[in-house]
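Below is the file structure.cif, which contains mmCIF, C-alpha atoms and all ligand atoms.
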```cif
data_work
#
loop_
_atom_site.label_atom_id
_atom_site.label_comp_id
_atom_site.auth_asym_id
_atom_site.auth_seq_id
_atom_site.Cartn_x
_atom_site.Cartn_y
_atom_site.Cartn_z
CA MET W 1 98.41 79.45 115.08
CA ALA W 2 95.84 81.82 113.57
CA LYS W 3 94.22 80.76 110.30
CA HIS W 4 94.26 83.19 107.42
CA VAL W 5 92.75 83.82 104.03
CA SER W 6 94.42 84.99 100.83
CA PHE W 7 93.14 85.96 97.38
CA GLU W 8 94.48 85.49 93.87
CA PHE W 9 94.01 87.95 91.00
CA PHE W 10 94.92 87.71 87.33
CA PRO W 11 96.26 90.77 85.48
CA ALA W 12 93.58 92.74 83.64
CA LYS W 13 93.93 93.92 80.05
CA THR W 14 91.77 97.06 80.20
CA GLU W 15 92.01 100.17 82.36
CA LYS W 16 88.58 99.38 83.82
CA GLY W 17 89.74 95.86 84.70
CA LYS W 18 92.86 97.23 86.39
CA GLN W 19 90.84 99.66 88.50
CA ASN W 20 88.47 96.83 89.39
CA ILE W 21 91.35 94.74 90.81
CA LEU W 22 92.61 97.63 92.92
CA SER W 23 89.14 98.30 94.23
CA ALA W 24 88.54 94.58 94.95
CA SER W 25 91.85 94.34 96.82
CA LYS W 26 90.89 97.33 98.95
CA THR W 27 87.52 95.83 99.83
CA LEU W 28 88.91 92.34 100.48
CA SER W 29 91.66 93.75 102.71
CA SER W 30 88.97 94.26 105.38
CA LEU W 31 89.20 90.46 105.87
CA LYS W 32 92.88 90.91 106.87
CA PRO W 33 94.28 88.50 104.29
CA GLU W 34 97.81 87.28 104.86
CA PHE W 35 98.58 88.07 101.24
CA PHE W 36 97.23 88.68 97.76
CA SER W 37 98.76 87.05 94.70
CA VAL W 38 98.82 87.83 90.99
CA THR W 39 99.18 85.21 88.26
CA PHE W 40 101.92 85.25 85.63
CA GLY W 41 101.32 84.11 82.03
CA ALA W 42 103.33 81.17 80.71
CA GLY W 43 106.17 82.14 78.35
CA GLY W 44 106.64 85.48 80.14
CA SER W 45 103.91 87.19 78.10
CA ASP W 46 102.39 88.87 81.15
CA GLN W 47 105.59 89.78 82.93
CA GLN W 48 105.11 93.55 82.91
CA THR W 49 101.37 93.45 83.62
CA THR W 50 101.94 91.02 86.49
CA PHE W 51 104.60 93.29 87.94
CA ASP W 52 102.41 96.40 87.58
CA THR W 53 99.43 94.59 89.13
CA VAL W 54 101.46 93.24 92.07
CA LEU W 55 102.83 96.69 92.82
CA GLY W 56 99.43 98.35 92.40
CA VAL W 57 97.66 95.86 94.70
CA GLN W 58 100.41 96.00 97.34
CA ASN W 59 100.49 99.80 97.38
CA THR W 60 96.70 100.20 97.32
CA SER W 61 95.83 97.58 99.92
CA GLY W 62 98.88 97.73 102.17
CA ILE W 63 98.86 93.89 102.13
CA ALA W 64 101.92 91.87 101.03
CA THR W 65 101.33 90.76 97.46
CA ALA W 66 102.96 87.72 95.87
CA SER W 67 103.93 87.54 92.24
CA HIS W 68 103.46 84.19 90.55
CA LEU W 69 106.57 83.39 88.56
CA THR W 70 106.77 80.67 85.90
CA CYS W 71 110.11 79.36 84.64
CA VAL W 72 109.31 77.22 81.61
CA GLY W 73 110.81 78.65 78.41
CA SER W 74 112.93 81.07 80.42
CA SER W 75 116.60 81.44 81.37
CA ARG W 76 118.52 81.94 84.59
CA GLU W 77 119.56 85.39 83.46
CA ARG W 78 115.99 86.45 82.77
CA ILE W 79 114.60 85.01 86.02
CA GLY W 80 117.52 86.57 87.91
CA SER W 81 116.69 90.01 86.58
CA ILE W 82 112.99 89.57 87.44
CA LEU W 83 114.00 88.63 91.01
CA ASP W 84 116.27 91.67 91.28
CA ASN W 85 113.48 93.93 90.05
CA TYR W 86 111.01 92.51 92.60
CA LYS W 87 113.53 92.96 95.39
CA ALA W 88 114.22 96.56 94.36
CA ASN W 89 110.47 97.21 94.61
CA ASN W 90 109.88 95.55 98.00
CA ILE W 91 108.00 92.58 96.60
CA ASN W 92 109.08 89.70 98.82
CA ARG W 93 106.57 86.92 98.16
CA LEU W 94 106.53 84.56 95.17
CA VAL W 95 104.44 81.66 93.96
CA ALA W 96 107.13 79.68 92.11
CA LEU W 97 105.83 77.57 89.23
CA ARG W 98 106.97 75.67 86.21
CA GLY W 99 104.03 76.86 84.09
CA ASP W 100 103.06 75.29 80.75
CA LEU W 101 104.77 75.77 77.42
CA PRO W 102 102.53 77.59 74.95
CA MET W 103 101.14 75.44 72.09
CA GLY W 104 103.76 74.95 69.38
CA MET W 105 106.74 75.57 71.69
CA ASP W 106 108.78 72.57 72.78
CA ASP W 107 111.96 74.02 74.26
CA PRO W 108 111.64 74.29 78.06
CA GLY W 109 114.71 76.55 78.22
CA GLU W 110 116.98 76.33 81.24
CA PHE W 111 114.36 75.10 83.73
CA GLN W 112 112.54 71.77 83.38
CA TYR W 113 110.56 71.73 86.64
CA ALA W 114 109.51 74.07 89.43
CA ASN W 115 111.94 72.52 91.94
CA GLU W 116 114.78 73.92 89.80
CA LEU W 117 113.20 77.37 89.96
CA VAL W 118 112.87 77.16 93.75
CA SER W 119 116.55 76.14 94.04
CA PHE W 120 117.57 78.97 91.72
CA ILE W 121 115.61 81.57 93.72
CA ARG W 122 117.32 80.44 96.94
CA GLU W 123 120.72 80.43 95.20
CA HIS W 124 120.15 83.90 93.74
CA SER W 125 118.29 85.70 96.54
CA GLY W 126 118.89 83.66 99.69
CA ASP W 127 115.95 83.90 102.10
CA TYR W 128 114.66 87.24 100.82
CA PHE W 129 111.52 85.73 99.25
CA HIS W 130 108.73 83.80 100.94
CA ILE W 131 108.16 81.05 98.38
CA GLU W 132 104.85 79.26 97.80
CA VAL W 133 104.67 76.30 95.42
CA ALA W 134 101.73 74.52 93.77
CA ALA W 135 100.33 71.25 95.14
CA TYR W 136 97.92 68.81 93.51
CA PRO W 137 95.82 66.67 95.90
CA GLU W 138 94.18 65.06 92.83
CA LYS W 139 97.54 64.64 91.03
CA HIS W 140 99.01 66.88 88.35
CA PRO W 141 97.47 65.84 85.02
CA GLN W 142 100.89 65.06 83.48
CA SER W 143 101.98 62.69 86.25
CA ILE W 144 101.84 58.97 85.63
CA ASP W 145 100.61 58.26 89.13
CA HIS W 146 99.89 59.81 92.49
CA LYS W 147 103.05 58.46 94.12
CA GLU W 148 105.38 59.89 91.52
CA ASP W 149 103.65 63.26 91.78
CA LEU W 150 103.91 63.23 95.57
CA ASN W 151 107.66 62.44 95.39
CA ASN W 152 108.16 65.33 92.97
CA PHE W 153 106.20 67.63 95.27
CA VAL W 154 108.34 66.60 98.27
CA GLN W 155 111.50 67.29 96.24
CA LYS W 156 110.13 70.72 95.24
CA VAL W 157 109.36 71.68 98.84
CA LYS W 158 112.77 70.48 100.02
CA ALA W 159 114.39 72.74 97.42
CA GLY W 160 113.34 75.66 99.66
CA ALA W 161 109.58 76.34 99.61
CA ASP W 162 107.97 77.94 102.68
CA SER W 163 104.41 76.86 101.97
CA ALA W 164 102.13 75.49 99.25
CA ILE W 165 98.79 76.32 97.66
CA THR W 166 96.74 73.51 96.17
CA GLN W 167 94.99 73.31 92.86
CA TYR W 168 91.29 73.80 93.53
CA PHE W 169 89.16 70.75 94.29
CA TYR W 170 85.66 69.82 95.39
CA ASN W 171 86.69 66.68 97.33
CA PRO W 172 87.86 67.76 100.81
CA ASP W 173 88.80 64.16 101.73
CA GLY W 174 91.35 64.08 98.92
CA TYR W 175 93.00 67.17 100.44
CA SER W 176 93.21 65.54 103.90
CA TYR W 177 94.77 62.34 102.55
CA PHE W 178 97.25 64.40 100.56
CA VAL W 179 98.28 66.47 103.59
CA ASP W 180 98.68 63.30 105.70
CA GLU W 181 100.93 61.78 103.04
CA CYS W 182 103.04 64.93 102.89
CA MET W 183 103.46 64.90 106.67
CA SER W 184 104.42 61.20 106.55
CA ALA W 185 107.02 62.09 103.93
CA GLY W 186 108.57 64.52 106.41
CA LEU W 187 107.12 67.84 105.22
CA ASP W 188 105.95 70.34 107.80
CA ILE W 189 105.04 73.38 105.70
CA PRO W 190 101.49 74.81 105.55
CA ILE W 191 99.54 73.39 102.59
CA ILE W 192 96.76 75.86 101.91
CA PRO W 193 93.70 74.58 100.07
CA GLY W 194 92.90 76.52 96.88
CA ILE W 195 89.20 77.43 96.77
CA MET W 196 87.40 78.12 93.51
CA PRO W 197 83.89 79.52 94.05
CA ILE W 198 81.58 78.37 91.26
CA GLY W 199 80.19 80.93 88.85
CA ASN W 200 79.59 79.65 85.35
CA PHE W 201 79.34 75.86 85.16
CA GLU W 202 80.34 75.55 81.50
CA SER W 203 83.60 77.48 81.83
CA LEU W 204 84.41 75.78 85.15
CA SER W 205 83.86 72.40 83.52
CA ARG W 206 86.16 73.22 80.59
CA PHE W 207 88.87 74.61 82.87
CA SER W 208 88.60 71.68 85.30
CA ASP W 209 89.05 69.15 82.48
CA ALA W 210 92.23 70.96 81.40
CA CYS W 211 93.83 71.27 84.83
CA GLY W 212 92.74 67.89 86.19
CA ALA W 213 90.43 69.15 88.98
CA GLU W 214 87.52 66.76 89.37
CA ILE W 215 83.95 67.98 89.65
CA PRO W 216 82.25 65.05 91.46
CA ARG W 217 79.39 63.48 89.52
CA TRP W 218 76.69 64.45 92.03
CA LEU W 219 77.87 68.06 91.97
CA ARG W 220 78.04 68.17 88.16
CA ILE W 221 74.44 66.88 87.98
CA ARG W 222 73.29 69.57 90.42
CA LEU W 223 75.12 72.34 88.60
CA GLU W 224 73.72 71.23 85.23
CA SER W 225 70.21 71.31 86.64
CA TYR W 226 70.59 75.04 87.43
CA GLU W 227 71.51 75.87 83.83
CA HIS W 228 68.57 78.27 83.42
CA ASP W 229 68.38 79.43 87.03
CA PRO W 230 71.46 81.50 87.91
CA VAL W 231 69.97 82.72 91.20
CA SER W 232 69.54 79.19 92.55
CA LEU W 233 72.93 78.21 91.14
CA THR W 234 74.64 81.01 93.10
CA ALA W 235 72.73 80.22 96.31
CA PHE W 236 73.56 76.51 96.07
CA THR W 237 77.22 76.91 95.13
CA ASN W 238 77.97 79.53 97.77
CA ASP W 239 76.41 77.27 100.41
CA TYR W 240 78.34 74.27 99.18
CA ILE W 241 81.70 76.07 99.02
CA THR W 242 81.13 77.55 102.49
CA GLU W 243 80.40 74.08 103.91
CA MET W 244 83.47 72.66 102.21
CA CYS W 245 85.65 75.45 103.67
CA VAL W 246 84.23 74.82 107.14
CA LYS W 247 85.06 71.12 106.76
CA LEU W 248 88.59 71.94 105.63
CA ILE W 249 89.23 74.23 108.60
CA GLU W 250 87.79 71.57 110.95
CA GLN W 251 90.18 69.06 109.36
CA GLY W 252 93.10 71.34 110.25
CA ALA W 253 93.71 73.38 107.07
CA PRO W 254 95.99 76.33 107.90
CA GLY W 255 93.89 78.79 105.91
CA LEU W 256 92.06 79.24 102.61
CA HIS W 257 93.37 80.65 99.33
CA PHE W 258 90.62 81.95 97.06
CA TYR W 259 90.89 82.00 93.29
CA SER W 260 88.98 85.27 93.35
CA MET W 261 88.51 85.73 89.58
CA ASN W 262 89.10 89.42 90.36
CA LYS W 263 85.74 89.64 92.14
CA VAL W 264 84.72 90.68 95.63
CA GLU W 265 81.66 88.43 95.65
CA PRO W 266 81.14 85.61 96.31
CA ASN W 267 84.59 85.49 97.98
CA MET W 268 83.65 88.03 100.66
CA GLN W 269 80.36 86.31 101.52
CA ILE W 270 81.95 82.86 101.78
CA CYS W 271 84.89 84.11 103.88
CA LYS W 272 82.63 85.96 106.29
CA ALA W 273 80.43 82.90 106.74
CA VAL W 274 83.44 80.64 107.39
CA MET W 275 85.01 83.13 109.80
CA ALA W 276 81.72 83.38 111.69
CA HIS W 277 81.96 79.60 112.28
CA PHE W 278 85.39 79.98 113.85
CA PRO W 279 85.31 83.39 115.58
CA ASP W 280 88.57 82.80 117.51
CA GLN W 281 90.60 81.12 114.83
CA PHE W 282 90.99 83.66 112.05
CA GLU W 283 93.25 86.69 111.98
CA GLN W 284 90.65 89.47 112.14
P1 LIG U 1 106.03 71.16 88.68
O1 LIG U 1 106.03 71.15 90.14
O2 LIG U 1 107.34 71.27 87.96
O3 LIG U 1 105.26 69.83 88.21
C1 LIG U 1 104.87 69.65 86.85
C2 LIG U 1 104.84 68.17 86.51
O4 LIG U 1 106.17 67.65 86.44
C3 LIG U 1 104.12 67.30 87.53
O5 LIG U 1 103.51 66.26 86.86
C4 LIG U 1 105.26 66.78 88.41
O6 LIG U 1 104.95 65.56 89.07
C5 LIG U 1 106.37 66.64 87.40
N1 LIG U 1 107.69 66.86 88.00
C6 LIG U 1 108.01 67.85 88.88
N2 LIG U 1 109.31 67.79 89.20
C7 LIG U 1 109.83 66.77 88.49
C8 LIG U 1 111.14 66.22 88.40
N3 LIG U 1 112.16 66.73 89.08
N4 LIG U 1 111.33 65.15 87.55
C9 LIG U 1 110.29 64.63 86.85
N5 LIG U 1 109.04 65.11 86.93
C10 LIG U 1 108.82 66.16 87.72
N6 LIG U 1 100.26 78.66 85.60
C11 LIG U 1 100.68 79.81 85.01
O7 LIG U 1 101.03 79.78 83.82
N7 LIG U 1 100.68 81.00 85.68
C12 LIG U 1 100.33 81.09 86.99
O8 LIG U 1 100.35 82.16 87.57
C13 LIG U 1 99.88 79.89 87.66
N8 LIG U 1 99.53 79.90 88.96
C14 LIG U 1 99.20 78.73 89.59
C15 LIG U 1 98.91 78.74 90.98
C16 LIG U 1 98.57 77.57 91.64
C17 LIG U 1 98.31 77.63 93.13
C18 LIG U 1 98.49 76.34 90.92
C19 LIG U 1 98.08 75.08 91.64
C20 LIG U 1 98.76 76.32 89.56
C21 LIG U 1 99.15 77.50 88.89
N9 LIG U 1 99.49 77.50 87.53
C22 LIG U 1 99.87 78.67 86.91
C23 LIG U 1 99.41 76.25 86.74
C24 LIG U 1 100.79 75.53 86.69
O9 LIG U 1 101.74 76.35 86.02
C25 LIG U 1 100.59 74.22 85.95
O10 LIG U 1 99.83 73.34 86.72
C26 LIG U 1 101.87 73.54 85.46
O11 LIG U 1 101.51 72.49 84.57
C27 LIG U 1 102.72 72.91 86.55
O12 LIG U 1 103.38 73.84 87.30
P2 LIG U 1 104.09 73.36 88.68
O13 LIG U 1 104.82 74.51 89.21
O14 LIG U 1 103.12 72.68 89.54
O15 LIG U 1 105.12 72.30 88.05
#
```
Now, as a test, write the supplied structure out as structure tokens.
Ligand code: FAD
Amino acid sequence: MAKHVSFEFFPAKTEKGKQNILSASKTLSSLKPEFFSVTFGAGGSDQQTTFDTVLGVQNTSGIATASHLTCVGSSRERIGSILDNYKANNINRLVALRGDLPMGMDDPGEFQYANELVSFIREHSGDYFHIEVAAYPEKHPQSIDHKEDLNNFVQKVKAGADSAITQYFYNPDGYSYFVDECMSAGLDIPIIPGIMPIGNFESLSRFSDACGAEIPRWLRIRLESYEHDPVSLTAFTNDYITEMCVKLIEQGAPGLHFYSMNKVEPNMQICKAVMAHFPDQFEQ
């Protein structure tokens, strides 16, 4: 089966930012991505901007665009009406997530976990949506241990997911072990590695601490050493991410999902380099 790439955007607040996403999606569509996706703020705060962005990207690029959908703090009625609205607008891909309750809120509403959202989507809309779910090769930060997290992931997939996208990581071996364990647990869906190109080390470090993605010690030391040399930082990180992607494809990954940060570069450069390594394997 052909490998494919996909790219994630987050909704922009300004008109300039919105135009930038549309333009990036047009440029990146030359790589024939299987889909684009657009994130959805926890607590429903970004619901309209996510919808507008999904529609804009899908119409501009001609590529199927998935809406992320979080359920925490929401209700069946509300999620049901979001699903109906997506269906009425020909949006047929979702990344179904629990999300995180905003600080100060402690009522999860009618959904506790993402597996309940997946079940509800199937109950409400049958097979209309292609559903992706989130996977965590390095464990979700709230899980007590790896085994418990894996069991919860298996349950979530069995609720009706078509495929999964992982949290980003910089340890390709961890991804391989995770995929092997999923297969041993009876799953046969594609588990697409999430790729986060490295731009600013400080913000990456902060974000990684919060979401539980490890930056290996050797890599952290390297990145810190380029603090005052952004040109070398970019050259090194693009090389490293390209090599990691090549390794992942060699290990059998079904494709690559880029957390694009709404940018064309370095995503384009990395994708082209990886595709050049495997000229017959990618949808081109
Ligand atoms: P779940 O799968 O529900 O898991 C959350 C935790 O609960 C885990 O520790 C799990 O082991 C545990 N758990 C799951 N099911 C059960 C159960 N039945 N019983 C007991 N414990 C259980 N956040 C956003 O706000 N907006 C986005 O657009 C967004 N996009 C994302 C895209 C990707 C690819 C990824 C990897 C993450 C994304 N996130 C997003 C972050 C995500 O919302 C958080 O990681 C959140 O904390 C967990 O969401 P989940 O869907 O993985 O939750």
Within 6 Å of ligand LIG 1 (chain U), counting only C-alpha atoms and all ligand atoms, which protein or nucleic acid residues do you find, written as a short mmCIF file (atom, residue, chain, number, x, y, z; two decimals) with C-alpha atoms, in the frame of the given file?
```
data_model
loop_
_atom_site.label_atom_id
_atom_site.label_comp_id
_atom_site.auth_asym_id
_atom_site.auth_seq_id
_atom_site.Cartn_x
_atom_site.Cartn_y
_atom_site.Cartn_z
CA THR W 39 99.18 85.21 88.26
CA PHE W 40 101.92 85.25 85.63
CA GLY W 41 101.32 84.11 82.03
CA ALA W 42 103.33 81.17 80.71
CA HIS W 68 103.46 84.19 90.55
CA LEU W 97 105.83 77.57 89.23
CA ARG W 98 106.97 75.67 86.21
CA GLY W 99 104.03 76.86 84.09
CA ASP W 100 103.06 75.29 80.75
CA TYR W 113 110.56 71.73 86.64
CA ALA W 114 109.51 74.07 89.43
CA ALA W 134 101.73 74.52 93.77
CA ALA W 135 100.33 71.25 95.14
CA HIS W 140 99.01 66.88 88.35
CA GLN W 142 100.89 65.06 83.48
CA SER W 143 101.98 62.69 86.25
CA ASP W 149 103.65 63.26 91.78
CA ASN W 152 108.16 65.33 92.97
CA ILE W 165 98.79 76.32 97.66
CA THR W 166 96.74 73.51 96.17
CA GLN W 167 94.99 73.31 92.86
#
```
Distance criterion (only C-alpha atoms): nearest to Met268 of chain W out of W:Asn92, W:Thr27, W:Asn59, W:Ser67 = W:Thr27
Per-residue nearest contacts of segment 111-199 of chain W to segment 240-245 of chain W (8 Å; only C-alpha atoms) as a tab-separated table:
```
residue	atom	partner	partner_atom	distance
W:Tyr170	CA	W:Met244	CA	7.7
W:Pro172	CA	W:Met244	CA	6.7
W:Ile195	CA	W:Ile241	CA	7.9
W:Pro197	CA	W:Ile241	CA	6.4
```
Residues just named, written with C-alpha atoms as a CSV table (one decimal), in the coordinates of the input:
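Result went into out.csv, see below:
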```
chain,number,residue,atom,x,y,z
W,170,TYR,CA,85.7,69.8,95.4
W,172,PRO,CA,87.9,67.8,100.8
W,195,ILE,CA,89.2,77.4,96.8
W,197,PRO,CA,83.9,79.5,94.0
```
All residues 12 Å or closer to segment 8-17 of chain W, all atoms listed in the file, same chain fewer than 2 positions away omitted, as a ChimeraX atom specification | /W:5-6,19-25,28,33-41,45-57,65-68,95,165,194-196,256-264,267
Give the answer as one residue: which of W:Leu223, W:Val72, W:Cys211, W:Ala159 has the shortest atom-to-atom distance to Glu123 of chain W, using only C-alpha atoms?
-> W:Ala159
Please provide the set of residues having any atom within 12 Å of Gly174 of chain W, restricted to only C-alpha atoms, with same-chain residues fewer than 2 positions apart removed, written as JSON, numbers by chain.
-> {"W": [136, 137, 138, 139, 146, 166, 167, 168, 169, 170, 171, 172, 176, 177, 178, 179, 180, 181, 193, 213, 214, 216, 248, 251]}
Would you work out the distance separating atom CA of Ser119 of chain W from atom CA of Lys87 of chain W, expressed in Å to one decimal?
-> 17.1 Å
Please determine the residues with any atom at most 8 Å from (107.7, 77.9, 101.7) (coordinates as given in the file, with only C-alpha atoms counting) and report them as an NGL selection string.
-> :W and (130-133 or 157 or 160-164 or 189-190)
How about saving the chosen residues, C-alpha atoms kept, as a CSV table (one decimal), in the coordinates of the input?
```csv
chain,number,residue,atom,x,y,z
W,130,HIS,CA,108.7,83.8,100.9
W,131,ILE,CA,108.2,81.0,98.4
W,132,GLU,CA,104.8,79.3,97.8
W,133,VAL,CA,104.7,76.3,95.4
W,157,VAL,CA,109.4,71.7,98.8
W,160,GLY,CA,113.3,75.7,99.7
W,161,ALA,CA,109.6,76.3,99.6
W,162,ASP,CA,108.0,77.9,102.7
W,163,SER,CA,104.4,76.9,102.0
W,164,ALA,CA,102.1,75.5,99.2
W,189,ILE,CA,105.0,73.4,105.7
W,190,PRO,CA,101.5,74.8,105.6
```
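The space separating atom CA of Asp188 of chain W from atom CA of Asn115 of chain W comes to 17.1 Å.
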Can you tell me how far atom CA of Ile191 of chain W sits from atom CA of Asp239 of chain W, in Å to one decimal?
-> 23.6 Å
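The residue that comes closest to Ile121 of chain W, out of W:Leu69, W:Leu150, W:Ala276, W:Ile270 and on the basis of all atoms listed in the file, is W:Leu69.
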With distances taken over only C-alpha atoms, which of W:Met1, W:Cys71, W:Val154, W:Ala185 is nearest to Pro108 of chain W?
-> W:Cys71
Ref. answer, residues at most 10 Å from (92.4, 82.7, 108.0) with all atoms listed in the file, as a PyMOL selection string = chain W and resi 1-6+31-34+249+253-257+271+274-275+278+281-284
Please produce segment 126-149 of chain W, completed to N, CA and C atoms, as an mmCIF file, keeping the file's coordinate frame.
```cif
data_model
loop_
_atom_site.group_PDB
_atom_site.id
_atom_site.type_symbol
_atom_site.label_atom_id
_atom_site.label_comp_id
_atom_site.auth_asym_id
_atom_site.auth_seq_id
_atom_site.Cartn_x
_atom_site.Cartn_y
_atom_site.Cartn_z
ATOM 1 N N GLY W 126 118.862 84.123 98.301
ATOM 2 C CA GLY W 126 118.890 83.660 99.690
ATOM 3 C C GLY W 126 117.466 83.526 100.238
ATOM 4 N N ASP W 127 117.266 84.047 101.452
ATOM 5 C CA ASP W 127 115.950 83.900 102.100
ATOM 6 C C ASP W 127 115.076 85.134 101.905
ATOM 7 N N TYR W 128 115.437 86.003 100.972
ATOM 8 C CA TYR W 128 114.660 87.240 100.820
ATOM 9 C C TYR W 128 113.180 86.956 100.525
ATOM 10 N N PHE W 129 112.916 85.982 99.658
ATOM 11 C CA PHE W 129 111.520 85.730 99.250
ATOM 12 C C PHE W 129 110.859 84.639 100.097
ATOM 13 N N HIS W 130 109.577 84.868 100.406
ATOM 14 C CA HIS W 130 108.730 83.800 100.940
ATOM 15 C C HIS W 130 108.205 83.059 99.710
ATOM 16 N N ILE W 131 108.520 81.788 99.610
ATOM 17 C CA ILE W 131 108.160 81.050 98.380
ATOM 18 C C ILE W 131 107.021 80.064 98.619
ATOM 19 N N GLU W 132 105.947 80.241 97.837
ATOM 20 C CA GLU W 132 104.850 79.260 97.800
ATOM 21 C C GLU W 132 105.059 78.399 96.552
ATOM 22 N N VAL W 133 104.671 77.134 96.629
ATOM 23 C CA VAL W 133 104.670 76.300 95.420
ATOM 24 C C VAL W 133 103.273 75.688 95.248
ATOM 25 N N ALA W 134 103.039 75.120 94.066
ATOM 26 C CA ALA W 134 101.730 74.520 93.770
ATOM 27 C C ALA W 134 101.692 73.060 94.211
ATOM 28 N N ALA W 135 100.530 72.647 94.725
ATOM 29 C CA ALA W 135 100.330 71.250 95.140
ATOM 30 C C ALA W 135 99.069 70.718 94.473
ATOM 31 N N TYR W 136 99.033 69.406 94.260
ATOM 32 C CA TYR W 136 97.920 68.810 93.510
ATOM 33 C C TYR W 136 97.350 67.592 94.245
ATOM 34 N N PRO W 137 96.393 67.807 95.153
ATOM 35 C CA PRO W 137 95.820 66.670 95.900
ATOM 36 C C PRO W 137 95.209 65.617 94.961
ATOM 37 N N GLU W 138 94.769 66.035 93.771
ATOM 38 C CA GLU W 138 94.180 65.060 92.830
ATOM 39 C C GLU W 138 95.174 64.721 91.723
ATOM 40 N N LYS W 139 96.460 64.957 91.967
ATOM 41 C CA LYS W 139 97.540 64.640 91.030
ATOM 42 C C LYS W 139 97.609 65.653 89.884
ATOM 43 N N HIS W 140 98.835 66.023 89.537
ATOM 44 C CA HIS W 140 99.010 66.880 88.350
ATOM 45 C C HIS W 140 98.663 66.053 87.119
ATOM 46 N N PRO W 141 97.949 66.652 86.156
ATOM 47 C CA PRO W 141 97.470 65.840 85.020
ATOM 48 C C PRO W 141 98.586 65.164 84.220
ATOM 49 N N GLN W 142 99.815 65.693 84.273
ATOM 50 C CA GLN W 142 100.890 65.060 83.480
ATOM 51 C C GLN W 142 101.601 63.939 84.232
ATOM 52 N N SER W 143 101.281 63.735 85.497
ATOM 53 C CA SER W 143 101.980 62.690 86.250
ATOM 54 C C SER W 143 101.405 61.324 85.939
ATOM 55 N N ILE W 144 102.287 60.341 85.932
ATOM 56 C CA ILE W 144 101.840 58.970 85.630
ATOM 57 C C ILE W 144 100.970 58.468 86.772
ATOM 58 N N ASP W 145 101.435 58.681 88.000
ATOM 59 C CA ASP W 145 100.610 58.260 89.130
ATOM 60 C C ASP W 145 100.804 59.188 90.322
ATOM 61 N N HIS W 146 99.954 58.980 91.301
ATOM 62 C CA HIS W 146 99.890 59.810 92.490
ATOM 63 C C HIS W 146 101.215 59.810 93.264
ATOM 64 N N LYS W 147 101.827 58.607 93.332
ATOM 65 C CA LYS W 147 103.050 58.460 94.120
ATOM 66 C C LYS W 147 104.197 59.272 93.516
ATOM 67 N N GLU W 148 104.313 59.164 92.201
ATOM 68 C CA GLU W 148 105.380 59.890 91.520
ATOM 69 C C GLU W 148 105.185 61.407 91.723
ATOM 70 N N ASP W 149 103.947 61.843 91.617
ATOM 71 C CA ASP W 149 103.650 63.260 91.780
ATOM 72 C C ASP W 149 103.969 63.735 93.200
#
```
